[in-house]
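S.K.: I am attaching a structure below and will ask some questions about it afterwards.
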Amino acid sequence: MGIEISKVTKRFGSTCALQAVDLELKEQGLYGLLGNNGAGKTTLFNVITNRLYPDSGSVRVDGAEAADRDDVLGKIYMMGEENYYPEDMKVRKAFEVTGLFYPEFNKARALELAKQFGLDTKKKITKLSTGYASIFRMILALCVNTPYLLLDEPVLGLDARHRDMFYKALIEKYAEEPCTIVISTHLIQEVAHIIEHAVVIRDGVIMKDAPTEALLDGCWSVSGPRDKVADFVRGKNAVKESTMGGLSSVLVDGLPEEIQVPDGLEKHKATLQDYFIALMDKEELRDESSRSCSL
Amino acid sequence: MNLRAAVHYKSKDMLKSAGTYFIVLLTILLAVIAIARINVSNGGSSYVTFSGYTIGAWVMMLVMGICAIREDLRFFIQNGVGRRTAFLTQWIAALELAALLAIGGQLFQLLANAIAQSTPNVRIGELYSMLYAQGAMSLSLWQHVESFILYLGFLLMAYMGGMFFSLLFYVLNKTMQIVVAVSIPFLLFGGIPFLWPYFSGPLTAVYRFCVVNSWNLLLVFLIVTAIIGAVNGLITRRIPIRGL
């Protein structure tokens with residue numbers, strides 16, 4: 001059970017947004033869909049929710065084909081960056097009509113959250129600022145109570161306080177009514193402590209799909225004087241190096257926890273963001289070298 | 001299926017639209033009567049005629065078809081309603097609005113007849129009465145039934161037509177949108193007169209078929225509606241649904 005994405009390919013002209021994507025999003029879990037701009041995150045969400053048809057491949061939800069089936073689509077709620085509500089619809093009206101389509105929608109909770117976030121429910125949705133438009137969509141997502149929740153850049157335009165409130169509300173919701181939540185975001189550092197499973201996508205290809213802990217297992221950041229760091233990492237899987245003056249910091253993958261670093265060096269557990277940047281840099285280098293080889 | 005929820009949501013819009021239309025038309029009708037009475041009281045003898053109900057309703061259905069589909073597709077897909085259900089909802093909603101306006105048409109005809117009794121210099125005619133009842137202001141029950149069914153087909157065709165243009169402009173790229181936008185008036189004002197000699201035969205045959213009785217005209221409306229509706233269905237099946 002869960003969402004099974006099999007061999008999904010989607011092209012836009014000459015751009016291949018998704019290339020034979022295989023992915024399984026299990027029931028109940030907090031997933032992070034991480035990728036650079038144009039990696040295919042939104043396209044993947046759009047294909048799952050039938051906003052876009054894939055050129056090939058299929059999406060199954062709880063074992064049933066998702067394409068154009070109300071009973072299946074009704075299990076998924078996608079909070080996107082764009083507005084899908086009528087231009088003249090007010091926030092309060094949107095809360096009312098959402099209940100028609102999602103019987104589990106908690107209107108009282110939605111109004112409570114609107115009050116907490118300072119969202120004016122008498123305002124037209126299209127008149128809301130970028131931040132409040134995100135808050136409006138986020139409130140709907142948190143209150144529809146569907147088994148699957150896809151959040152595409154949920155904190156777009158939100159200030160630090162509102163972002164913090166959002167993450168708290170999200171964790172609260174997940175604790176009270178566990179479901180599958182997939183968060184697609186650029187702000188990796190902010191979601192790193194929330195997500196249990198990370199899916200890294202690049203150029204429409206899934207690069208990594210593993211529990212966050214497993215992904216970062218053996219991934220350490222070693223820093224200190226440049227020469228000392230270079231000596232230490234020699235022969236090890238150094239995935240990213242950054243230097244500043246005489247100091248250097250290297251991200252090493254596959255380093256056992258018990259290995260001690262020499263005096264003068266420091267060893268820290270790598271963060272998800274460090275890991276992500278290192279992975280993207282490595283892939284960028286690989287692309288560049290393959291381009292120069294083909295020339 | 002979310003059909004019930006979708007229809008419930010859409011019905012409110014349709015009722016509101018029909019209500020607004022009735023109010024506007026009633027205001028116009030009252031203005032027409034007032035003009036006629038003033039004319040008589042000033043010693044005038046000219047007739048005041050009004051026959052805009054059905055054509056007005058047709059234009060309204062066309063505009064509703066143009067405006068509603070994109071907004072509805074977006075809203076429904078956001079709320080877990082599939083394309084097939086969204087499309088079916090359009091048909092049901094269009095039928096509902098067409099039925100309301102067609103019933104309104106009959107009431108309008110009855111009202112016109114009542115007004116004609118007290119204000120003889122007012123002539124209020126409707127499409128059916130002008131085409132198939134020699135402009136009679138008083139229609140029999142059966143004629144009302146025929147007229148209702150004819151308007152239903154006529155208005156449904158307008159909605160589907162509007163929806164077709166909306167979907168067409170949604171799927172076409174910028175260049176093609178300009179080409180189509182330029183082609184429509186060109187075809188209407190330049191193309192049809194130019195092509196008339198070539199197509200006058202079949203078009204005259206269709207015209208002769210339609211004027212025989214209202215059922216023939218209804219059949220033509222239904223065929224056109226079915227064709228446009230099928231094309232709309234095919235477009236709706238695969239178009240990417242983007243937000244604002």
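Going through the structure tokens in order, the chains are called A, B, and so on, while each chain numbers its residues from 1 and the ligands are numbered from 1 in the order shown.
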Select all residues from chain A having any atom no more than 7 Å from an atom of chain B (counting only C-alpha atoms, ignoring ligands), output as a short mmCIF file (atom, residue, chain, number, x, y, z; two decimals) with N, CA, C and O atoms, in the first residue's frame.
M.R.:
```cif
data_model
loop_
_atom_site.label_atom_id
_atom_site.label_comp_id
_atom_site.auth_asym_id
_atom_site.auth_seq_id
_atom_site.Cartn_x
_atom_site.Cartn_y
_atom_site.Cartn_z
N ARG A 51 -2.72 16.25 -12.65
CA ARG A 51 -2.75 17.57 -13.30
C ARG A 51 -2.02 17.47 -14.63
O ARG A 51 -2.27 18.24 -15.56
N LEU A 52 -1.08 16.56 -14.69
CA LEU A 52 -0.36 16.28 -15.92
C LEU A 52 -0.45 14.79 -16.20
O LEU A 52 -0.43 13.99 -15.27
N TYR A 53 -0.52 14.47 -17.49
CA TYR A 53 -0.50 13.06 -17.86
C TYR A 53 0.93 12.66 -18.19
O TYR A 53 1.60 13.38 -18.92
N ASP A 68 -7.26 9.72 -13.33
CA ASP A 68 -8.67 10.05 -13.53
C ASP A 68 -9.65 9.21 -12.72
O ASP A 68 -10.73 8.89 -13.19
N ARG A 69 -9.25 8.83 -11.52
CA ARG A 69 -10.21 8.12 -10.67
C ARG A 69 -10.46 8.94 -9.42
O ARG A 69 -9.55 9.15 -8.61
N ASP A 70 -11.70 9.37 -9.26
CA ASP A 70 -12.05 10.23 -8.13
C ASP A 70 -11.74 9.59 -6.78
O ASP A 70 -11.25 10.26 -5.87
N ASP A 71 -12.08 8.29 -6.66
CA ASP A 71 -11.87 7.63 -5.37
C ASP A 71 -10.40 7.61 -4.99
O ASP A 71 -10.05 7.66 -3.81
N LEU A 73 -7.98 9.86 -6.44
CA LEU A 73 -7.50 11.24 -6.36
C LEU A 73 -7.96 11.92 -5.06
O LEU A 73 -7.27 12.78 -4.53
N GLY A 74 -9.11 11.49 -4.56
CA GLY A 74 -9.64 12.04 -3.32
C GLY A 74 -8.80 11.68 -2.10
O GLY A 74 -8.98 12.27 -1.03
N GLU A 82 0.91 27.31 -6.99
CA GLU A 82 -0.05 28.10 -7.76
C GLU A 82 -1.44 28.04 -7.14
O GLU A 82 -1.74 27.13 -6.37
N ASN A 83 -2.25 29.01 -7.55
CA ASN A 83 -3.63 29.05 -7.06
C ASN A 83 -4.55 28.29 -8.01
O ASN A 83 -4.56 28.54 -9.21
N TYR A 84 -5.31 27.37 -7.48
CA TYR A 84 -6.27 26.60 -8.29
C TYR A 84 -7.71 26.95 -7.92
O TYR A 84 -8.63 26.28 -8.35
N TYR A 85 -7.88 27.99 -7.13
CA TYR A 85 -9.22 28.38 -6.70
C TYR A 85 -9.74 29.53 -7.56
O TYR A 85 -8.94 30.32 -8.08
N PRO A 86 -11.06 29.63 -7.72
CA PRO A 86 -11.61 30.73 -8.53
C PRO A 86 -11.14 32.09 -8.03
O PRO A 86 -10.97 32.29 -6.82
N LEU A 100 -17.05 19.94 0.99
CA LEU A 100 -17.91 19.19 0.07
C LEU A 100 -17.15 18.02 -0.55
O LEU A 100 -17.69 16.94 -0.76
N PHE A 101 -15.87 18.28 -0.84
CA PHE A 101 -15.07 17.28 -1.55
C PHE A 101 -14.27 16.38 -0.62
O PHE A 101 -13.95 15.26 -0.96
#
```
S.K.: For Leu219 of chain B, find every residue with an atom within 10 Å (counting only C-alpha atoms), except residues of its own chain fewer than 6 positions away, and show them as a ChimeraX atom specification.
M.R.: /B:150,153,210,225
S.K.: Hey, can you spit out that residue selection with all heavy atoms as an mmCIF file, in the first residue's frame?
M.R.:
```
data_model
loop_
_atom_site.group_PDB
_atom_site.id
_atom_site.type_symbol
_atom_site.label_atom_id
_atom_site.label_comp_id
_atom_site.auth_asym_id
_atom_site.auth_seq_id
_atom_site.Cartn_x
_atom_site.Cartn_y
_atom_site.Cartn_z
ATOM 1 N N LEU B 150 -36.805 22.861 -27.624
ATOM 2 C CA LEU B 150 -35.968 23.518 -28.640
ATOM 3 C C LEU B 150 -34.937 24.438 -27.970
ATOM 4 O O LEU B 150 -33.754 24.422 -28.310
ATOM 5 C CB LEU B 150 -36.844 24.326 -29.603
ATOM 6 C CG LEU B 150 -36.085 25.035 -30.727
ATOM 7 C CD1 LEU B 150 -35.560 24.036 -31.742
ATOM 8 C CD2 LEU B 150 -36.966 26.057 -31.426
ATOM 9 N N GLY B 153 -31.999 22.521 -26.343
ATOM 10 C CA GLY B 153 -30.958 22.117 -27.305
ATOM 11 C C GLY B 153 -30.137 23.301 -27.770
ATOM 12 O O GLY B 153 -28.907 23.241 -27.866
ATOM 13 N N CYS B 210 -34.557 22.544 -41.502
ATOM 14 C CA CYS B 210 -34.806 23.136 -40.180
ATOM 15 C C CYS B 210 -36.149 23.857 -40.092
ATOM 16 O O CYS B 210 -36.792 23.840 -39.049
ATOM 17 C CB CYS B 210 -33.703 24.112 -39.808
ATOM 18 S SG CYS B 210 -32.156 23.290 -39.478
ATOM 19 N N THR B 225 -24.125 19.877 -31.055
ATOM 20 C CA THR B 225 -23.734 19.790 -29.635
ATOM 21 C C THR B 225 -22.936 18.515 -29.376
ATOM 22 O O THR B 225 -21.918 18.540 -28.674
ATOM 23 C CB THR B 225 -24.988 19.809 -28.729
ATOM 24 O OG1 THR B 225 -25.752 20.945 -29.069
ATOM 25 C CG2 THR B 225 -24.619 19.871 -27.262
#
```
S.K.: Write out as an mmCIF file with all heavy atoms, in the first residue's frame each polymer residue whose atoms come within 9 Å of segment 228-238 of chain A, counting only C-alpha atoms; drop sequence neighbours fewer than 3 positions from it.
M.R.:
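Saved as selection-v4.cif:
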```
data_model
loop_
_atom_site.group_PDB
_atom_site.id
_atom_site.type_symbol
_atom_site.label_atom_id
_atom_site.label_comp_id
_atom_site.auth_asym_id
_atom_site.auth_seq_id
_atom_site.Cartn_x
_atom_site.Cartn_y
_atom_site.Cartn_z
ATOM 1 N N VAL A 222 34.909 16.706 7.890
ATOM 2 C CA VAL A 222 36.195 16.826 8.600
ATOM 3 C C VAL A 222 36.790 18.185 8.257
ATOM 4 O O VAL A 222 36.944 18.523 7.072
ATOM 5 C CB VAL A 222 37.158 15.690 8.198
ATOM 6 C CG1 VAL A 222 38.491 15.818 8.917
ATOM 7 C CG2 VAL A 222 36.524 14.336 8.469
ATOM 8 N N SER A 223 37.134 18.949 9.259
ATOM 9 C CA SER A 223 37.675 20.281 8.984
ATOM 10 C C SER A 223 38.908 20.567 9.829
ATOM 11 O O SER A 223 39.106 19.962 10.895
ATOM 12 C CB SER A 223 36.602 21.331 9.225
ATOM 13 O OG SER A 223 36.078 21.198 10.517
ATOM 14 N N GLY A 224 39.697 21.485 9.315
ATOM 15 C CA GLY A 224 40.928 21.836 10.008
ATOM 16 C C GLY A 224 41.932 22.410 9.028
ATOM 17 O O GLY A 224 41.560 22.801 7.909
ATOM 18 N N PRO A 225 43.227 22.471 9.424
ATOM 19 C CA PRO A 225 44.236 22.991 8.492
ATOM 20 C C PRO A 225 44.256 22.153 7.209
ATOM 21 O O PRO A 225 44.128 20.926 7.256
ATOM 22 C CB PRO A 225 45.548 22.847 9.269
ATOM 23 C CG PRO A 225 45.121 22.794 10.697
ATOM 24 C CD PRO A 225 43.814 22.120 10.721
ATOM 25 N N GLU A 241 34.895 19.199 -1.165
ATOM 26 C CA GLU A 241 35.895 19.929 -0.418
ATOM 27 C C GLU A 241 35.644 21.419 -0.553
ATOM 28 O O GLU A 241 35.352 21.918 -1.646
ATOM 29 C CB GLU A 241 37.296 19.598 -0.941
ATOM 30 C CG GLU A 241 38.372 20.276 -0.115
ATOM 31 C CD GLU A 241 39.786 20.060 -0.649
ATOM 32 O OE1 GLU A 241 39.928 19.468 -1.739
ATOM 33 O OE2 GLU A 241 40.732 20.515 0.004
ATOM 34 N N LEU A 247 42.367 26.972 5.764
ATOM 35 C CA LEU A 247 41.473 25.976 6.359
ATOM 36 C C LEU A 247 40.682 25.237 5.282
ATOM 37 O O LEU A 247 40.391 25.789 4.220
ATOM 38 C CB LEU A 247 40.498 26.651 7.323
ATOM 39 C CG LEU A 247 41.114 27.287 8.574
ATOM 40 C CD1 LEU A 247 40.079 28.086 9.322
ATOM 41 C CD2 LEU A 247 41.732 26.221 9.477
ATOM 42 N N SER A 248 40.381 24.014 5.616
ATOM 43 C CA SER A 248 39.642 23.216 4.639
ATOM 44 C C SER A 248 38.584 22.371 5.353
ATOM 45 O O SER A 248 38.745 21.996 6.518
ATOM 46 C CB SER A 248 40.652 22.339 3.897
ATOM 47 O OG SER A 248 40.046 21.272 3.282
ATOM 48 N N SER A 249 37.491 22.096 4.635
ATOM 49 C CA SER A 249 36.442 21.238 5.178
ATOM 50 C C SER A 249 36.073 20.230 4.097
ATOM 51 O O SER A 249 35.780 20.613 2.962
ATOM 52 C CB SER A 249 35.240 22.097 5.551
ATOM 53 O OG SER A 249 34.184 21.267 5.946
ATOM 54 N N VAL A 250 36.139 18.965 4.470
ATOM 55 C CA VAL A 250 35.886 17.911 3.475
ATOM 56 C C VAL A 250 34.753 17.017 3.970
ATOM 57 O O VAL A 250 34.726 16.631 5.145
ATOM 58 C CB VAL A 250 37.160 17.073 3.211
ATOM 59 C CG1 VAL A 250 36.863 15.906 2.278
ATOM 60 C CG2 VAL A 250 38.252 17.939 2.615
ATOM 61 N N LEU A 251 33.847 16.709 3.038
ATOM 62 C CA LEU A 251 32.750 15.801 3.370
ATOM 63 C C LEU A 251 33.187 14.395 2.940
ATOM 64 O O LEU A 251 33.491 14.176 1.758
ATOM 65 C CB LEU A 251 31.485 16.218 2.633
ATOM 66 C CG LEU A 251 30.227 15.558 3.128
ATOM 67 C CD1 LEU A 251 29.704 16.251 4.372
ATOM 68 C CD2 LEU A 251 29.154 15.603 2.050
ATOM 69 N N VAL A 252 33.242 13.506 3.888
ATOM 70 C CA VAL A 252 33.713 12.145 3.593
ATOM 71 C C VAL A 252 32.560 11.167 3.774
ATOM 72 O O VAL A 252 31.863 11.199 4.789
ATOM 73 C CB VAL A 252 34.877 11.744 4.535
ATOM 74 C CG1 VAL A 252 35.488 10.423 4.105
ATOM 75 C CG2 VAL A 252 35.933 12.824 4.576
ATOM 76 N N ASP A 253 32.372 10.333 2.771
ATOM 77 C CA ASP A 253 31.301 9.334 2.846
ATOM 78 C C ASP A 253 31.919 7.982 3.191
ATOM 79 O O ASP A 253 33.042 7.674 2.770
ATOM 80 C CB ASP A 253 30.581 9.264 1.487
ATOM 81 C CG ASP A 253 29.249 8.547 1.593
ATOM 82 O OD1 ASP A 253 28.831 8.225 2.725
ATOM 83 O OD2 ASP A 253 28.624 8.306 0.541
ATOM 84 N N GLY A 254 31.233 7.197 3.963
ATOM 85 C CA GLY A 254 31.694 5.844 4.307
ATOM 86 C C GLY A 254 32.752 5.838 5.386
ATOM 87 O O GLY A 254 33.601 4.917 5.433
ATOM 88 N N LEU A 255 32.736 6.819 6.240
ATOM 89 C CA LEU A 255 33.725 6.893 7.316
ATOM 90 C C LEU A 255 33.106 6.288 8.591
ATOM 91 O O LEU A 255 32.096 6.787 9.083
ATOM 92 C CB LEU A 255 34.090 8.361 7.558
ATOM 93 C CG LEU A 255 35.333 8.648 8.398
ATOM 94 C CD1 LEU A 255 36.607 8.206 7.678
ATOM 95 C CD2 LEU A 255 35.425 10.139 8.712
ATOM 96 N N VAL A 261 39.793 11.369 14.504
ATOM 97 C CA VAL A 261 40.595 12.250 13.644
ATOM 98 C C VAL A 261 41.830 12.706 14.418
ATOM 99 O O VAL A 261 41.802 12.801 15.647
ATOM 100 C CB VAL A 261 39.779 13.478 13.169
ATOM 101 C CG1 VAL A 261 38.733 13.099 12.157
ATOM 102 C CG2 VAL A 261 39.181 14.247 14.325
ATOM 103 N N PRO A 262 42.930 12.968 13.724
ATOM 104 C CA PRO A 262 44.139 13.420 14.402
ATOM 105 C C PRO A 262 43.898 14.747 15.120
ATOM 106 O O PRO A 262 42.959 15.462 14.802
ATOM 107 C CB PRO A 262 45.152 13.596 13.266
ATOM 108 C CG PRO A 262 44.576 12.929 12.090
ATOM 109 C CD PRO A 262 43.116 12.874 12.270
ATOM 110 N N GLY A 264 43.918 18.490 16.093
ATOM 111 C CA GLY A 264 43.893 19.668 15.210
ATOM 112 C C GLY A 264 42.787 19.590 14.176
ATOM 113 O O GLY A 264 42.471 20.579 13.515
ATOM 114 N N LEU A 265 42.213 18.408 14.029
ATOM 115 C CA LEU A 265 41.086 18.270 13.077
ATOM 116 C C LEU A 265 39.791 18.060 13.861
ATOM 117 O O LEU A 265 39.816 17.539 14.973
ATOM 118 C CB LEU A 265 41.303 17.079 12.137
ATOM 119 C CG LEU A 265 42.447 17.143 11.136
ATOM 120 C CD1 LEU A 265 42.386 15.950 10.208
ATOM 121 C CD2 LEU A 265 42.398 18.428 10.306
#
```
S.K.: As a PyMOL selection string, please: the residues near Arg92 of chain A (cut-off 10 Å, only C-alpha atoms, same-chain neighbours under 5 positions excluded).
M.R.: chain A and resi 97+107+110-111+114+120-125
S.K.: Please provide the set of residues having any atom within 8 Å of Tyr102 of chain A, restricted to only C-alpha atoms, with same-chain residues fewer than 2 positions apart removed, written as a short mmCIF file (atom, residue, chain, number, x, y, z; two decimals) with N, CA, C and O atoms, in the first residue's frame.
M.R.:
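Now in part_25.cif:
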```cif
data_model
loop_
_atom_site.label_atom_id
_atom_site.label_comp_id
_atom_site.auth_asym_id
_atom_site.auth_seq_id
_atom_site.Cartn_x
_atom_site.Cartn_y
_atom_site.Cartn_z
N GLY A 74 -9.11 11.49 -4.56
CA GLY A 74 -9.64 12.04 -3.32
C GLY A 74 -8.80 11.68 -2.10
O GLY A 74 -8.98 12.27 -1.03
N THR A 98 -14.39 23.18 0.45
CA THR A 98 -13.44 22.06 0.57
C THR A 98 -14.11 20.90 1.31
O THR A 98 -13.88 19.73 0.99
N GLY A 99 -14.97 21.24 2.26
CA GLY A 99 -15.71 20.22 3.00
C GLY A 99 -16.63 19.38 2.12
O GLY A 99 -16.94 18.25 2.46
N LEU A 100 -17.05 19.94 0.99
CA LEU A 100 -17.91 19.19 0.07
C LEU A 100 -17.15 18.02 -0.55
O LEU A 100 -17.69 16.94 -0.76
N GLU A 104 -13.64 14.63 5.46
CA GLU A 104 -12.86 14.65 6.70
C GLU A 104 -12.27 16.03 7.01
O GLU A 104 -11.55 16.19 7.99
N PHE A 105 -12.55 16.99 6.14
CA PHE A 105 -11.98 18.33 6.32
C PHE A 105 -12.44 18.93 7.65
O PHE A 105 -13.63 18.96 7.94
N VAL A 144 -7.38 18.87 5.57
CA VAL A 144 -8.21 18.00 4.72
C VAL A 144 -8.24 16.56 5.22
O VAL A 144 -9.16 15.81 4.92
N ASN A 145 -7.19 16.18 5.94
CA ASN A 145 -7.10 14.82 6.51
C ASN A 145 -7.21 13.71 5.47
O ASN A 145 -8.00 12.78 5.61
N THR A 146 -6.43 13.84 4.43
CA THR A 146 -6.34 12.77 3.43
C THR A 146 -5.16 11.87 3.80
O THR A 146 -4.23 12.32 4.48
N ASN B 79 -9.36 19.63 -5.86
CA ASN B 79 -10.18 18.98 -4.84
C ASN B 79 -10.45 17.51 -5.13
O ASN B 79 -11.49 16.97 -4.72
#
```
S.K.: To test your reading of the structure, identify every residue in segment 95-220 of chain B that backbone DSSP assigns to alpha helix (DSSP H), and report it as a PyMOL selection string.
M.R.: chain B and resi 95-118+127-132+141-171+174-186+192-212+214-220
S.K.: Just the selected residues (C-alpha atoms), exported as a compact mmCIF listing (two decimals), in the first residue's frame, please.
M.R.:
```txt
# COMPACT_ATOMS: atom_id res chain seq x y z
CA LEU B 95 -28.28 21.20 -18.83
CA GLU B 96 -29.47 22.62 -15.52
CA LEU B 97 -28.87 26.22 -16.58
CA ALA B 98 -30.33 25.59 -20.04
CA ALA B 99 -33.45 24.07 -18.44
CA LEU B 100 -33.84 27.03 -16.09
CA LEU B 101 -33.49 29.50 -18.94
CA ALA B 102 -35.82 27.47 -21.18
CA ILE B 103 -38.47 27.43 -18.45
CA GLY B 104 -37.82 31.15 -18.03
CA GLY B 105 -38.43 31.47 -21.79
CA GLN B 106 -41.89 29.96 -21.43
CA LEU B 107 -42.73 32.18 -18.48
CA PHE B 108 -41.49 35.14 -20.47
CA GLN B 109 -43.79 34.17 -23.33
CA LEU B 110 -46.76 33.88 -20.95
CA LEU B 111 -45.89 37.21 -19.40
CA ALA B 112 -45.57 38.78 -22.83
CA ASN B 113 -49.02 37.50 -23.69
CA ALA B 114 -50.47 38.96 -20.49
CA ILE B 115 -48.80 42.29 -21.16
CA ALA B 116 -50.07 42.35 -24.73
CA GLN B 117 -53.62 42.19 -23.39
CA SER B 118 -53.19 45.44 -21.43
CA LEU B 127 -37.55 32.41 -31.28
CA TYR B 128 -40.02 29.52 -31.36
CA SER B 129 -43.05 31.72 -31.80
CA MET B 130 -41.41 33.65 -34.63
CA LEU B 131 -40.15 30.54 -36.44
CA TYR B 132 -42.90 28.02 -35.91
CA LEU B 141 -49.44 23.79 -24.04
CA TRP B 142 -47.90 21.52 -26.65
CA GLN B 143 -46.24 24.50 -28.33
CA HIS B 144 -44.77 25.47 -24.97
CA VAL B 145 -43.37 21.95 -24.60
CA GLU B 146 -41.88 22.06 -28.10
CA SER B 147 -40.48 25.51 -27.45
CA PHE B 148 -38.95 24.40 -24.12
CA ILE B 149 -37.20 21.42 -25.72
CA LEU B 150 -35.97 23.52 -28.64
CA TYR B 151 -34.47 26.14 -26.30
CA LEU B 152 -32.86 23.40 -24.26
CA GLY B 153 -30.96 22.12 -27.31
CA PHE B 154 -30.20 25.63 -28.53
CA LEU B 155 -28.76 26.74 -25.19
CA LEU B 156 -26.83 23.52 -24.58
CA MET B 157 -25.16 23.99 -27.96
CA ALA B 158 -24.10 27.51 -26.94
CA TYR B 159 -22.51 26.27 -23.71
CA MET B 160 -20.59 23.53 -25.48
CA GLY B 161 -19.51 26.01 -28.16
CA GLY B 162 -18.20 28.42 -25.54
CA MET B 163 -16.40 25.59 -23.80
CA PHE B 164 -14.83 24.55 -27.09
CA PHE B 165 -13.35 28.01 -27.72
CA SER B 166 -12.09 28.23 -24.15
CA LEU B 167 -10.38 24.84 -24.36
CA LEU B 168 -9.04 25.61 -27.83
CA PHE B 169 -7.36 28.79 -26.60
CA TYR B 170 -6.08 26.88 -23.58
CA VAL B 171 -4.29 24.23 -25.60
CA LYS B 174 0.50 32.08 -28.46
CA THR B 175 1.05 32.13 -32.25
CA MET B 176 -1.81 29.75 -32.94
CA GLN B 177 -4.08 31.72 -30.61
CA ILE B 178 -3.47 34.84 -32.74
CA VAL B 179 -4.01 32.85 -35.96
CA VAL B 180 -7.35 31.49 -34.67
CA ALA B 181 -8.41 34.88 -33.26
CA VAL B 182 -7.79 36.51 -36.64
CA SER B 183 -9.32 33.63 -38.60
CA ILE B 184 -12.72 33.69 -36.87
CA PRO B 185 -13.81 37.21 -37.94
CA PHE B 186 -12.10 36.72 -41.29
CA ILE B 192 -18.42 32.70 -45.70
CA PRO B 193 -19.50 35.14 -48.45
CA PHE B 194 -16.58 33.91 -50.54
CA LEU B 195 -17.34 30.25 -49.93
CA TRP B 196 -21.11 30.66 -50.11
CA PRO B 197 -21.40 29.70 -53.81
CA TYR B 198 -19.60 26.43 -53.07
CA PHE B 199 -21.59 25.50 -49.97
CA SER B 200 -24.92 27.18 -50.68
CA GLY B 201 -26.44 23.88 -51.84
CA PRO B 202 -25.91 21.86 -48.65
CA LEU B 203 -26.53 24.88 -46.38
CA THR B 204 -29.80 25.69 -48.12
CA ALA B 205 -30.81 22.03 -47.74
CA VAL B 206 -30.08 22.22 -43.99
CA TYR B 207 -32.05 25.47 -43.75
CA ARG B 208 -35.04 23.92 -45.56
CA PHE B 209 -34.84 20.91 -43.28
CA CYS B 210 -34.81 23.14 -40.18
CA VAL B 211 -37.79 25.31 -41.09
CA VAL B 212 -40.12 22.33 -41.55
CA SER B 214 -38.90 22.60 -34.49
CA TRP B 215 -37.88 18.93 -34.09
CA ASN B 216 -35.73 19.11 -37.21
CA LEU B 217 -34.01 22.24 -35.91
CA LEU B 218 -33.56 20.53 -32.55
CA LEU B 219 -31.95 17.55 -34.27
CA VAL B 220 -29.42 19.88 -35.95
```
S.K.: Take atom CA of Ile227 of chain B and atom CA of Phe189 of chain B and report the distance between them in Å, one decimal.
M.R.: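 Atom CA of Phe189 of chain B lies at a distance of 24.2 Å from atom CA of Ile227 of chain B.
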S.K.: Hey, what's within 7 Å of Ala198 of chain A if we count only C-alpha atoms and toss same-chain stuff fewer than 6 positions away? As a ChimeraX atom specification, please?
M.R.: /A:31-33,209-212
S.K.: For the selection just defined, write its residues with all heavy atoms to a file, as a short mmCIF file (atom, residue, chain, number, x, y, z; two decimals), in the first residue's frame.
M.R.:
```
data_model
loop_
_atom_site.label_atom_id
_atom_site.label_comp_id
_atom_site.auth_asym_id
_atom_site.auth_seq_id
_atom_site.Cartn_x
_atom_site.Cartn_y
_atom_site.Cartn_z
N TYR A 31 8.28 12.29 4.12
CA TYR A 31 9.26 12.23 3.04
C TYR A 31 9.72 13.64 2.66
O TYR A 31 8.92 14.59 2.70
CB TYR A 31 8.65 11.60 1.80
CG TYR A 31 8.42 10.11 1.90
CD1 TYR A 31 7.33 9.60 2.56
CD2 TYR A 31 9.31 9.22 1.31
CE1 TYR A 31 7.12 8.23 2.65
CE2 TYR A 31 9.11 7.85 1.38
CZ TYR A 31 8.01 7.36 2.05
OH TYR A 31 7.81 6.01 2.13
N GLY A 32 10.96 13.75 2.27
CA GLY A 32 11.46 15.01 1.73
C GLY A 32 11.83 14.77 0.28
O GLY A 32 12.59 13.84 -0.02
N LEU A 33 11.25 15.55 -0.62
CA LEU A 33 11.61 15.44 -2.04
C LEU A 33 12.54 16.60 -2.32
O LEU A 33 12.12 17.76 -2.37
CB LEU A 33 10.36 15.48 -2.92
CG LEU A 33 10.57 15.33 -4.42
CD1 LEU A 33 11.18 13.98 -4.78
CD2 LEU A 33 9.26 15.51 -5.18
N ASP A 209 17.16 7.47 -2.67
CA ASP A 209 15.84 7.22 -2.09
C ASP A 209 16.09 6.33 -0.87
O ASP A 209 16.23 5.11 -1.00
CB ASP A 209 14.98 6.51 -3.15
CG ASP A 209 13.66 6.03 -2.60
OD1 ASP A 209 13.26 6.49 -1.51
OD2 ASP A 209 13.01 5.19 -3.26
N ALA A 210 16.24 6.96 0.27
CA ALA A 210 16.60 6.19 1.47
C ALA A 210 16.19 6.92 2.73
O ALA A 210 15.99 8.15 2.70
CB ALA A 210 18.11 5.98 1.48
N PRO A 211 16.08 6.19 3.84
CA PRO A 211 15.81 6.88 5.10
C PRO A 211 16.94 7.88 5.38
O PRO A 211 18.10 7.60 5.07
CB PRO A 211 15.82 5.75 6.13
CG PRO A 211 15.55 4.52 5.35
CD PRO A 211 16.15 4.73 4.01
N THR A 212 16.59 9.02 5.92
CA THR A 212 17.57 10.09 6.12
C THR A 212 18.78 9.60 6.92
O THR A 212 19.92 9.91 6.57
CB THR A 212 16.90 11.28 6.84
OG1 THR A 212 15.61 11.47 6.28
CG2 THR A 212 17.69 12.55 6.68
#
```
S.K.: Write out as a list in words which residues come within 9 Å of Met165 of chain A when counting only C-alpha atoms, dropping same-chain ones fewer than 4 positions away.
M.R.: Gln116, Phe117, Ala160, Arg161, Ala169 and Leu170 of chain A
S.K.: Within segment 168-239 of chain A, find each residue whose DSSP state, derived from the backbone, is strand (DSSP E), and express the selection as a ChimeraX atom specification.
M.R.: /A:180-185,197-202,205-211,220-225,237-239
S.K.: Identify which of the residues A:Val47, A:Gly157, A:Met89, A:Ala64 lies closest to Asp13 of chain B, counting only C-alpha atoms when measuring atom-to-atom distances.
M.R.: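 Of all the options, A:Met89 lies closest to Asp13 of chain B.
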